file start.txt (compact mmCIF, C-alpha atoms)
# COMPACT_ATOMS: atom_id res chain seq x y z
CA MET A 226 24.41 28.46 -2.96
CA ILE A 227 23.52 25.39 -0.90
CA VAL A 228 25.51 22.19 -0.44
CA ALA A 229 23.63 19.41 1.36
CA GLY A 230 25.17 16.11 2.36
CA ASN A 231 22.79 13.13 2.37
CA TRP A 232 24.33 10.39 4.49
CA LYS A 233 21.57 7.90 3.61
CA MET A 234 21.64 4.80 5.88
CA TYR A 235 25.27 5.29 6.90
CA ALA A 236 26.54 6.55 10.23
CA GLY A 237 28.52 9.18 8.37
CA PRO A 238 31.60 11.12 9.43
CA ASP A 239 32.23 12.50 12.88
CA PRO A 240 29.92 15.54 13.18
CA ALA A 241 32.31 17.57 15.33
CA THR A 242 35.21 17.07 12.91
CA LEU A 243 32.98 17.94 9.97
CA ALA A 244 31.63 21.04 11.68
CA GLU A 245 35.15 22.28 12.34
CA ARG A 246 36.23 21.55 8.75
CA VAL A 247 33.41 23.49 7.08
CA ALA A 248 33.15 26.31 9.63
CA GLY A 249 35.40 28.66 7.70
CA ILE A 250 33.73 28.22 4.33
CA GLY A 251 31.82 31.40 3.61
CA GLY A 252 29.25 32.27 0.98
CA VAL A 253 27.58 28.85 0.95
CA ASP A 254 24.93 27.25 3.14
CA VAL A 255 26.30 23.87 4.26
CA LEU A 256 23.90 21.33 5.72
CA VAL A 257 23.79 17.61 6.46
CA CYS A 258 21.02 15.01 6.31
CA PRO A 259 22.08 12.18 8.63
CA PRO A 260 20.05 9.12 9.69
CA TYR A 261 17.62 9.75 12.56
CA THR A 262 20.05 8.26 15.08
CA ARG A 263 22.64 10.94 14.28
CA LEU A 264 20.34 13.99 14.21
CA ALA A 265 21.00 15.03 17.81
CA ASP A 266 24.77 14.59 17.41
CA CYS A 267 24.80 16.86 14.36
CA VAL A 268 22.58 19.48 15.95
CA GLU A 269 24.79 19.59 19.04
CA THR A 270 27.88 20.42 16.97
CA GLY A 271 26.14 23.38 15.34
CA LEU A 272 25.79 21.78 11.92
CA THR A 273 22.68 22.84 10.02
CA THR A 274 20.81 19.55 10.21
CA TYR A 275 17.97 18.15 8.10
CA ALA A 276 16.14 14.85 8.47
CA GLN A 277 15.98 12.48 5.52
CA ASN A 278 12.19 12.27 5.64
CA VAL A 279 9.21 13.52 7.67
CA HIS A 280 5.56 12.54 8.07
CA TRP A 281 2.60 14.86 7.52
CA GLU A 282 0.84 14.22 10.84
CA THR A 283 1.84 15.67 14.21
CA GLU A 284 1.34 12.32 15.93
CA GLY A 285 -0.63 9.11 15.49
CA PRO A 286 -0.46 5.39 14.71
CA TYR A 287 2.28 5.65 12.07
CA THR A 288 4.94 3.20 13.22
CA GLY A 289 8.37 4.07 11.89
CA GLU A 290 7.53 7.68 11.02
CA VAL A 291 8.71 10.93 12.59
CA SER A 292 6.59 14.08 12.71
CA PRO A 293 7.59 17.67 11.93
CA SER A 294 7.08 18.73 15.56
CA MET A 295 9.39 15.95 16.78
CA LEU A 296 12.13 17.27 14.51
CA VAL A 297 11.57 20.83 15.70
CA VAL A 298 11.98 19.75 19.34
CA LEU A 299 15.34 18.19 18.44
CA GLY A 300 16.55 21.44 16.89
CA VAL A 301 16.50 20.03 13.36
CA ARG A 302 16.28 22.80 10.75
CA GLY A 303 14.52 20.97 7.90
CA SER A 304 13.96 17.77 5.98
CA LEU A 305 14.36 16.10 2.64
CA VAL A 306 11.16 14.80 1.10
CA GLY A 307 10.58 12.65 -1.97
CA HIS A 308 14.12 11.37 -2.38
CA SER A 309 14.25 8.97 -5.32
CA GLU A 310 15.10 6.06 -3.01
CA ARG A 311 11.97 6.77 -0.96
CA ARG A 312 9.93 6.76 -4.15
CA GLN A 313 11.62 3.68 -5.61
CA TYR A 314 11.91 1.41 -2.59
CA PHE A 315 9.11 2.57 -0.31
CA GLY A 316 6.37 3.49 -2.74
CA GLU A 317 6.14 7.16 -1.91
CA THR A 318 3.83 8.99 -4.29
CA ASP A 319 3.84 12.51 -5.68
CA ALA A 320 0.80 13.35 -3.53
CA GLY A 321 2.47 11.96 -0.41
CA VAL A 322 5.64 13.93 -1.08
CA ALA A 323 3.61 17.14 -1.36
CA ARG A 324 1.79 16.36 1.90
CA ARG A 325 5.08 15.80 3.70
CA ALA A 326 6.52 19.02 2.31
CA SER A 327 3.45 21.07 3.19
CA ALA A 328 3.29 19.77 6.76
CA ALA A 329 7.00 20.36 7.34
CA LEU A 330 6.78 23.93 6.06
CA ALA A 331 3.72 24.60 8.20
CA ALA A 332 5.68 23.42 11.26
CA GLY A 333 8.48 25.89 10.53
CA LEU A 334 10.93 23.47 8.95
CA ASP A 335 12.84 24.08 5.73
CA VAL A 336 12.27 21.55 2.96
CA ILE A 337 14.28 20.11 0.08
CA ALA A 338 11.79 18.37 -2.21
CA CYS A 339 13.36 15.95 -4.69
CA VAL A 340 12.22 15.33 -8.25
CA GLY A 341 13.74 13.48 -11.19
CA GLU A 342 13.31 10.95 -13.97
CA THR A 343 14.50 7.38 -14.42
CA GLN A 344 16.68 6.20 -17.30
CA GLU A 345 13.66 4.59 -18.96
CA GLU A 346 11.68 7.82 -18.74
CA ARG A 347 14.53 9.84 -20.20
CA ASP A 348 15.10 7.32 -23.01
CA ALA A 349 11.38 7.52 -23.84
CA GLY A 350 11.58 11.31 -24.11
CA ASP A 351 9.37 11.76 -21.04
CA THR A 352 11.74 13.80 -18.86
CA GLU A 353 9.73 17.03 -19.03
CA THR A 354 6.43 15.23 -18.53
CA VAL A 355 7.71 13.47 -15.41
CA LEU A 356 9.23 16.64 -13.98
CA ARG A 357 6.10 18.65 -14.72
CA ILE A 358 3.88 16.18 -12.85
CA GLN A 359 6.21 15.97 -9.86
CA VAL A 360 6.86 19.71 -9.58
CA GLU A 361 3.27 20.81 -10.14
CA VAL A 362 2.00 18.58 -7.33
CA ILE A 363 4.55 20.16 -4.97
CA ARG A 364 3.69 23.63 -6.26
CA ASP A 365 -0.03 23.06 -5.75
CA GLY A 366 0.56 21.82 -2.21
CA CYS A 367 3.16 24.34 -1.07
CA GLY A 368 3.29 27.28 -3.46
CA ALA A 369 6.53 29.20 -3.95
CA HIS A 370 7.27 29.02 -0.23
CA ASP A 371 10.41 30.88 0.82
CA ARG A 372 11.65 27.86 2.83
CA LEU A 373 11.15 25.43 -0.04
CA VAL A 374 14.06 24.27 -2.18
CA LEU A 375 13.89 21.65 -4.94
CA ALA A 376 16.52 19.09 -5.85
CA TYR A 377 16.81 17.62 -9.32
CA GLU A 378 17.90 13.99 -9.10
CA PRO A 379 18.28 12.20 -12.42
CA VAL A 380 17.62 8.76 -10.95
CA TRP A 381 19.94 7.14 -13.47
CA ALA A 382 22.85 9.12 -12.01
CA ILE A 383 22.34 8.31 -8.32
CA GLY A 384 24.92 5.92 -6.93
CA THR A 385 25.89 4.80 -10.44
CA GLY A 386 28.91 7.02 -10.97
CA ARG A 387 27.13 8.53 -13.96
CA THR A 388 26.48 12.26 -13.90
CA ALA A 389 24.28 14.44 -16.05
CA THR A 390 26.33 16.68 -18.29
CA PRO A 391 26.36 20.33 -17.23
CA GLU A 392 24.17 21.07 -20.24
CA LEU A 393 21.57 18.45 -19.26
CA ALA A 394 21.57 19.70 -15.67
CA GLN A 395 21.13 23.29 -16.81
CA GLU A 396 18.25 22.33 -19.11
CA ALA A 397 16.42 20.36 -16.42
CA HIS A 398 16.93 23.02 -13.75
CA ALA A 399 15.70 25.79 -16.04
CA PHE A 400 12.60 23.76 -16.86
CA ILE A 401 11.88 23.09 -13.17
CA LYS A 402 12.25 26.79 -12.37
CA SER A 403 9.81 27.66 -15.14
CA LEU A 404 7.22 25.62 -13.22
CA LEU A 405 8.11 26.75 -9.69
CA ASP A 406 10.42 29.69 -9.06
CA ARG A 407 12.53 28.29 -6.25
CA PRO A 408 16.22 27.35 -5.94
CA VAL A 409 17.10 23.97 -7.45
CA LEU A 410 19.99 21.78 -6.28
CA TYR A 411 21.61 19.14 -8.46
CA GLY A 412 21.84 15.63 -7.00
CA GLY A 413 23.41 12.78 -8.91
CA SER A 414 26.94 11.50 -8.20
CA VAL A 415 28.34 14.94 -7.36
CA LYS A 416 32.06 14.70 -6.59
CA PRO A 417 34.94 17.13 -6.15
CA ASP A 418 36.09 16.55 -9.73
CA ASN A 419 32.75 17.41 -11.36
CA ALA A 420 31.32 19.92 -8.89
CA GLU A 421 32.75 23.02 -10.55
CA GLU A 422 31.30 22.43 -14.00
CA LEU A 423 27.89 21.55 -12.54
CA LEU A 424 27.70 24.36 -10.00
CA ALA A 425 28.83 26.93 -12.56
CA GLN A 426 25.60 26.49 -14.53
CA PRO A 427 23.36 29.54 -14.04
CA ALA A 428 20.23 27.56 -13.09
CA VAL A 429 22.07 25.29 -10.61
CA ASP A 430 21.79 26.69 -7.08
CA GLY A 431 23.79 24.08 -5.25
CA ALA A 432 24.26 20.36 -4.77
CA LEU A 433 22.66 17.45 -2.95
CA VAL A 434 25.67 15.22 -2.33
CA GLY A 435 25.38 11.51 -1.60
CA GLY A 436 28.42 9.26 -1.35
CA ALA A 437 30.96 12.09 -1.43
CA SER A 438 29.40 13.59 1.70
CA LEU A 439 30.56 10.59 3.74
CA ASP A 440 34.18 11.69 3.33
CA ILE A 441 34.94 14.96 5.09
CA ASP A 442 37.65 16.09 2.68
CA SER A 443 35.54 15.34 -0.39
CA PHE A 444 32.49 17.09 1.01
CA ALA A 445 34.52 20.10 2.12
CA ALA A 446 36.11 20.33 -1.33
CA ILE A 447 32.66 20.53 -2.91
CA CYS A 448 31.64 23.21 -0.42
CA GLU A 449 34.79 25.18 -1.18
CA THR A 450 34.10 24.93 -4.90
CA ALA A 451 30.58 26.25 -4.35
CA ALA A 452 31.93 29.14 -2.27
CA ARG A 453 34.48 30.02 -4.93
CA ILE A 454 31.84 30.06 -7.65
CA ARG A 455 29.52 32.15 -5.49
CA SER A 456 32.24 34.73 -4.88
call {"tool": "encode", "arguments": {"input": "start.txt", "output": "structure tokens"}}
result
Amino acid sequence: MIVAGNWKMYAGPDPATLAERVAGIGGVDVLVCPPYTRLADCVETGLTTYAQNVHWETEGPYTGEVSPSMLVVLGVRGSLVGHSERRQYFGETDAGVARRASAALAAGLDVIACVGETQEERDAGDTETVLRIQVEVIRDGCGAHDRLVLAYEPVWAIGTGRTATPELAQEAHAFIKSLLDRPVLYGGSVKPDNAEELLAQPAVDGALVGGASLDIDSFAAICETAARIRS
């Protein structure tokens, strides 16, 4: 079971306090995805630390990007790729997401590759088509790599307070796993009060937590729920 906190473009909680709070939670892999300016702080406290994005080249004229090797030097363990906000606001494509994932894996980083449909796509009955396209591009670029994890993000549930029902999450996760046999995290307004019913689904292997990861007690409560379910 994995619980990942995505701090997005927020400074986030104090890394040392967070590290101390989650240190005693067994049976679950706890990790954080802070902004680039907080990566070193999180690494220094012993938190398992992922970047929020990574480029596919080692170096070059790519202003604003950070390479896999730069993250490795910092002691960063892995990276998100393809988060819905990167796709929506910065035009990242399925092919680009796969390139980022493949390069990060080749450099020795772990990867959480995000996939998911919008409200319009779900309303049109296109959820499986969208997921198939997104997952198959990642599969073709990376294979069933043992350091690759997927995250299902129903875009309509991110930052909206809406959450997929446990049944919808289970259905989507099972479909994703039928395309690529890797762990799948659920990401979409995960909070302490809905974590148990989501994480109890057999195809849900953890959570990618957004807003609730900015509060230490809320994030720790989700981690404790995951540990209890795992035990």
call {"tool": "residues_around", "arguments": {"input": "start.txt", "residues": "Gly333 (chain A)", "least_positions_apart": "2", "cutoff": "12 Å", "atoms": "all atoms listed in the file", "output": "PDB file with C-alpha atoms, keeping the file's coordinate frame"}}
result
ATOM      1  CA  PRO A 293       7.590  17.670  11.930  1.00  0.00           C
ATOM      2  CA  SER A 294       7.080  18.730  15.560  1.00  0.00           C
ATOM      3  CA  MET A 295       9.390  15.950  16.780  1.00  0.00           C
ATOM      4  CA  LEU A 296      12.130  17.270  14.510  1.00  0.00           C
ATOM      5  CA  VAL A 297      11.570  20.830  15.700  1.00  0.00           C
ATOM      6  CA  VAL A 298      11.980  19.750  19.340  1.00  0.00           C
ATOM      7  CA  GLY A 300      16.550  21.440  16.890  1.00  0.00           C
ATOM      8  CA  VAL A 301      16.500  20.030  13.360  1.00  0.00           C
ATOM      9  CA  ARG A 302      16.280  22.800  10.750  1.00  0.00           C
ATOM     10  CA  GLY A 303      14.520  20.970   7.900  1.00  0.00           C
ATOM     11  CA  SER A 304      13.960  17.770   5.980  1.00  0.00           C
ATOM     12  CA  ALA A 326       6.520  19.020   2.310  1.00  0.00           C
ATOM     13  CA  SER A 327       3.450  21.070   3.190  1.00  0.00           C
ATOM     14  CA  ALA A 328       3.290  19.770   6.760  1.00  0.00           C
ATOM     15  CA  ALA A 329       7.000  20.360   7.340  1.00  0.00           C
ATOM     16  CA  LEU A 330       6.780  23.930   6.060  1.00  0.00           C
ATOM     17  CA  ALA A 331       3.720  24.600   8.200  1.00  0.00           C
ATOM     18  CA  ASP A 335      12.840  24.080   5.730  1.00  0.00           C
ATOM     19  CA  VAL A 336      12.270  21.550   2.960  1.00  0.00           C
ATOM     20  CA  HIS A 370       7.270  29.020  -0.230  1.00  0.00           C
ATOM     21  CA  ASP A 371      10.410  30.880   0.820  1.00  0.00           C
ATOM     22  CA  ARG A 372      11.650  27.860   2.830  1.00  0.00           C
ATOM     23  CA  LEU A 373      11.150  25.430  -0.040  1.00  0.00           C
TER      24      LEU A 373
END
call {"tool": "closest_residue", "arguments": {"input": "start.txt", "among": "A:Ala425, A:Ala265, A:Ala452, A:Leu433", "to": "Gly230 (chain A)", "atoms": "all atoms listed in the file"}}
result
A:Leu433
call {"tool": "closest_residue", "arguments": {"input": "start.txt", "among": "A:Ala369, A:Gly316, A:Ser403, A:Trp381", "to": "Glu346 (chain A)", "atoms": "all atoms listed in the file"}}
result
A:Trp381
call {"tool": "closest_residue", "arguments": {"input": "start.txt", "among": "A:Thr450, A:Asn231, A:Thr318, A:Gln426", "to": "His398 (chain A)", "atoms": "all atoms listed in the file"}}
result
A:Gln426
call {"tool": "atom_distance", "arguments": {"input": "start.txt", "atom1": "CA of Gly341 (chain A)", "atom2": "CA of Ala394 (chain A)"}}
result
11.0 Å
call {"tool": "residues_around", "arguments": {"input": "start.txt", "residues": "Val380 (chain A)", "least_positions_apart": "4", "cutoff": "8 Å", "atoms": "only C-alpha atoms", "output": "PyMOL selection string"}}
result
chain A and resi 309+341-344+413
call {"tool": "closest_residue", "arguments": {"input": "start.txt", "among": "A:Val228, A:Ile363, A:Ala332, A:Met234", "to": "Val247 (chain A)", "atoms": "all atoms listed in the file"}}
result
A:Val228
call {"tool": "atom_distance", "arguments": {"input": "start.txt", "atom1": "CA of Ala445 (chain A)", "atom2": "CA of Pro238 (chain A)"}}
result
11.9 Å
call {"tool": "residues_around", "arguments": {"input": "start.txt", "residues": "Tyr377 (chain A)", "least_positions_apart": "5", "cutoff": "8 Å", "atoms": "all atoms listed in the file", "output": "list in words"}}
result
Cys339, Val340, Gly341, Ala397, His398, Val409, Leu410, Tyr411 and Gly412 of chain A
call {"tool": "atom_distance", "arguments": {"input": "start.txt", "atom1": "CA of Ala451 (chain A)", "atom2": "CA of Gln313 (chain A)"}}
result
29.5 Å
call {"tool": "closest_residue", "arguments": {"input": "start.txt", "among": "A:Asp351, A:Glu317, A:Asp254, A:Glu310", "to": "Gly435 (chain A)", "atoms": "all atoms listed in the file"}}
result
A:Glu310
call {"tool": "closest_residue", "arguments": {"input": "start.txt", "among": "A:Gly436, A:Gly285, A:Gly366, A:Gly350", "to": "Arg325 (chain A)", "atoms": "all atoms listed in the file"}}
result
A:Gly366
call {"tool": "residues_around", "arguments": {"input": "start.txt", "residues": "Arg357 (chain A)", "least_positions_apart": "3", "cutoff": "8 Å", "atoms": "all atoms listed in the file", "output": "VMD selection string"}}
result
chain A and resid 353 to 354 360 to 361 401 404
